[in-house]
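K.L.:
My questions all concern the structure below.
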Amino acid sequence: MPKVKTSRVKYPEGWELIEPTLRELQAKMREAENDPHDGKRKCETLWPIFKIAHQKSRYVFDLYHRRKEISKELYEFCLDQGYADRNLIAKWKKPGYERLCCLRCMQPRDHNFATTCVCRVPKQLREEKVIECVHCGCKGCASGD
């Protein structure tokens with residue numbers, strides 16, 4: 001008789017330390033996904049989702065790269081299971097992108113004149129002092145701010 005495969009995930013050591021925070025952020029994500037979008041622009045409905053996805057990725061990034069509180073195995077597990085965005089974290093490691101809010105803000109094909117988003121412009125170089133990114137609602141993620 002063949003063995004029955006189960007889809008049980010083996011959690012690495014240290015998971016119990018970060019699990020409550022990640023579960024809390026997942027619950028916030030579910031709330032943001034189910035929120036009514038009456039009276040909001042089409043792009044504004046996605047802003048809370050982008051913000052929470054950024055928080056989750058930043059939390060895992062800080063624990064591993066800045067505070068060194070989790071193991072590489074646990075870090076890789078979080079990336080593989082989708083608790084953090086691997087591509088966004090890869091950009092945070094590069095100079096000039098340490099505070100990047102989302103990957104859409106740096107893709108030239110999504111913007112007028114094939115440039116990056118207005119939130120990537122340093123505050124001292126902006127004509128308008130108060131801006132909001134159309135894609136994610138960011139008010140400024142340039143590294144020079």
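Please note that chains go A, B, ... in the order of the structure tokens, that every chain numbers its residues from 1, and that ligands are numbered from 1 in the order shown.
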Please provide as a VMD selection string all residues within 6 Å of A:Lys139, with the sequence filter that same-chain residues fewer than 3 positions apart are discarded (counting only C-alpha atoms).

P.N.:
chain A and resid 119 131 to 132

K.L.:
Quick check for you: according to DSSP on this backbone, which residues of stretch 41-70 of chain A are classed as alpha helix (DSSP H)? Reply as number ranges by chain.

P.N.:
A: 47-61

K.L.:
Next, dump the selected residues to file, keeping only N, CA and C atoms, as a compact mmCIF listing (two decimals), in the first residue's frame.

P.N.:
```txt
# COMPACT_ATOMS: atom_id res chain seq x y z
N TRP A 47 -4.09 50.28 -1.61
CA TRP A 47 -3.05 50.88 -0.76
C TRP A 47 -2.85 50.17 0.56
N PRO A 48 -3.90 49.81 1.31
CA PRO A 48 -3.66 49.09 2.58
C PRO A 48 -3.01 47.73 2.37
N ILE A 49 -3.32 47.08 1.26
CA ILE A 49 -2.73 45.77 0.97
C ILE A 49 -1.23 45.92 0.71
N PHE A 50 -0.85 46.92 -0.07
CA PHE A 50 0.57 47.18 -0.32
C PHE A 50 1.30 47.53 0.98
N LYS A 51 0.65 48.31 1.82
CA LYS A 51 1.28 48.74 3.08
C LYS A 51 1.55 47.54 3.99
N ILE A 52 0.59 46.64 4.10
CA ILE A 52 0.75 45.47 4.96
C ILE A 52 1.78 44.50 4.38
N ALA A 53 1.78 44.34 3.07
CA ALA A 53 2.79 43.48 2.43
C ALA A 53 4.19 44.03 2.69
N HIS A 54 4.31 45.35 2.65
CA HIS A 54 5.59 46.01 2.95
C HIS A 54 5.99 45.77 4.40
N GLN A 55 5.03 45.87 5.32
CA GLN A 55 5.31 45.66 6.75
C GLN A 55 5.81 44.25 7.00
N LYS A 56 5.16 43.26 6.38
CA LYS A 56 5.58 41.87 6.58
C LYS A 56 7.00 41.65 6.07
N SER A 57 7.28 42.16 4.88
CA SER A 57 8.61 41.97 4.31
C SER A 57 9.66 42.71 5.15
N ARG A 58 9.35 43.92 5.58
CA ARG A 58 10.30 44.70 6.38
C ARG A 58 10.57 44.03 7.72
N TYR A 59 9.54 43.42 8.30
CA TYR A 59 9.70 42.73 9.59
C TYR A 59 10.69 41.57 9.45
N VAL A 60 10.51 40.75 8.44
CA VAL A 60 11.41 39.60 8.23
C VAL A 60 12.81 40.09 7.87
N PHE A 61 12.90 41.11 7.02
CA PHE A 61 14.19 41.67 6.62
C PHE A 61 14.97 42.19 7.83
```

K.L.:
Between stretch 52-141 of chain A and stretch 14-19 of chain A, at 8 Å or less, what are the per-residue closest atom pairs and their distances in Å? Count only C-alpha atoms, order by chain and rising residue number, and return it as JSON lines.

P.N.:
```
{"residue": "A:Ile70", "atom": "CA", "partner": "A:Gly14", "partner_atom": "CA", "distance": 6.8}
{"residue": "A:Ser71", "atom": "CA", "partner": "A:Gly14", "partner_atom": "CA", "distance": 7.7}
{"residue": "A:Leu74", "atom": "CA", "partner": "A:Trp15", "partner_atom": "CA", "distance": 6.9}
```

K.L.:
Residues at most 9 Å from A:Cys105, counting only C-alpha atoms, excluding those fewer than 5 positions away in the same chain, as a PDB file with N, CA, C and O atoms, in the first residue's frame?

P.N.:
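And here's around_31.pdb as it stands now:
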```
ATOM      1  N   LEU A 100      12.607  51.526  -0.326  1.00  0.00           N
ATOM      2  CA  LEU A 100      11.638  51.311  -1.407  1.00  0.00           C
ATOM      3  C   LEU A 100      10.334  50.757  -0.853  1.00  0.00           C
ATOM      4  O   LEU A 100      10.325  49.822  -0.060  1.00  0.00           O
ATOM      5  N   ASP A 110       5.329  51.411 -15.917  1.00  0.00           N
ATOM      6  CA  ASP A 110       4.071  51.749 -15.261  1.00  0.00           C
ATOM      7  C   ASP A 110       3.864  53.246 -15.086  1.00  0.00           C
ATOM      8  O   ASP A 110       2.893  53.668 -14.474  1.00  0.00           O
ATOM      9  N   HIS A 111       4.779  54.071 -15.601  1.00  0.00           N
ATOM     10  CA  HIS A 111       4.722  55.510 -15.355  1.00  0.00           C
ATOM     11  C   HIS A 111       4.819  56.294 -16.650  1.00  0.00           C
ATOM     12  O   HIS A 111       5.334  55.802 -17.655  1.00  0.00           O
ATOM     13  N   THR A 116      10.553  56.715 -13.077  1.00  0.00           N
ATOM     14  CA  THR A 116      10.062  56.043 -11.874  1.00  0.00           C
ATOM     15  C   THR A 116       8.963  56.884 -11.237  1.00  0.00           C
ATOM     16  O   THR A 116       8.667  57.988 -11.681  1.00  0.00           O
ATOM     17  N   CYS A 117       8.407  56.385 -10.171  1.00  0.00           N
ATOM     18  CA  CYS A 117       7.284  57.027  -9.487  1.00  0.00           C
ATOM     19  C   CYS A 117       7.721  58.324  -8.798  1.00  0.00           C
ATOM     20  O   CYS A 117       8.886  58.491  -8.438  1.00  0.00           O
ATOM     21  N   VAL A 118       6.774  59.215  -8.585  1.00  0.00           N
ATOM     22  CA  VAL A 118       7.053  60.500  -7.944  1.00  0.00           C
ATOM     23  C   VAL A 118       7.510  60.311  -6.489  1.00  0.00           C
ATOM     24  O   VAL A 118       8.241  61.139  -5.952  1.00  0.00           O
ATOM     25  N   CYS A 119       7.122  59.223  -5.852  1.00  0.00           N
ATOM     26  CA  CYS A 119       7.548  58.998  -4.463  1.00  0.00           C
ATOM     27  C   CYS A 119       9.042  58.662  -4.365  1.00  0.00           C
ATOM     28  O   CYS A 119       9.614  58.711  -3.291  1.00  0.00           O
ATOM     29  N   ARG A 120       9.680  58.344  -5.489  1.00  0.00           N
ATOM     30  CA  ARG A 120      11.113  58.049  -5.506  1.00  0.00           C
ATOM     31  C   ARG A 120      11.967  59.312  -5.611  1.00  0.00           C
ATOM     32  O   ARG A 120      13.178  59.266  -5.503  1.00  0.00           O
ATOM     33  N   CYS A 133       1.798  58.511  -3.888  1.00  0.00           N
ATOM     34  CA  CYS A 133       2.010  57.613  -5.009  1.00  0.00           C
ATOM     35  C   CYS A 133       0.651  57.051  -5.449  1.00  0.00           C
ATOM     36  O   CYS A 133      -0.166  56.678  -4.613  1.00  0.00           O
ATOM     37  N   HIS A 135       0.195  54.264  -7.090  1.00  0.00           N
ATOM     38  CA  HIS A 135       0.185  52.803  -7.012  1.00  0.00           C
ATOM     39  C   HIS A 135      -0.014  52.271  -5.600  1.00  0.00           C
ATOM     40  O   HIS A 135      -0.759  51.330  -5.375  1.00  0.00           O
ATOM     41  N   CYS A 136       0.705  52.864  -4.623  1.00  0.00           N
ATOM     42  CA  CYS A 136       0.678  52.268  -3.276  1.00  0.00           C
ATOM     43  C   CYS A 136       0.367  53.263  -2.167  1.00  0.00           C
ATOM     44  O   CYS A 136       0.311  52.883  -1.006  1.00  0.00           O
TER      45      CYS A 136
END
```

K.L.:
My list of candidates is A:Lys93, A:Arg109, A:Gly82, A:Val121. Which is closest to A:Leu22 when distances are computed with only C-alpha atoms?

P.N.:
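Between A:Lys93, A:Arg109, A:Gly82, A:Val121, the residue approaching A:Leu22 most closely is A:Gly82.
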
K.L.:
Have a look at atom CA of A:Arg8 and atom CA of A:Leu25 and let me know their distance in Å, one decimal.

P.N.:
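These two atoms are separated by 21.9 Å.
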
K.L.:
Calculate how many Å separate atom CA of A:Pro12 from atom CA of A:Glu73, rounding to one decimal.

P.N.:
6.8 Å

K.L.:
One decimal, Å: what's the distance from atom CA of A:Val134 over to atom CA of A:Pro122, could you say?

P.N.:
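Straight-line distance from atom CA of A:Val134 to atom CA of A:Pro122 works out to 16.7 Å.
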
K.L.:
Determine the nearest neighbour of A:Glu24 from the options A:Tyr83, A:Cys101, A:Lys40, A:Ser7, counting only C-alpha atoms.

P.N.:
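Using only C-alpha atoms, A:Glu24 sits closest to A:Tyr83.
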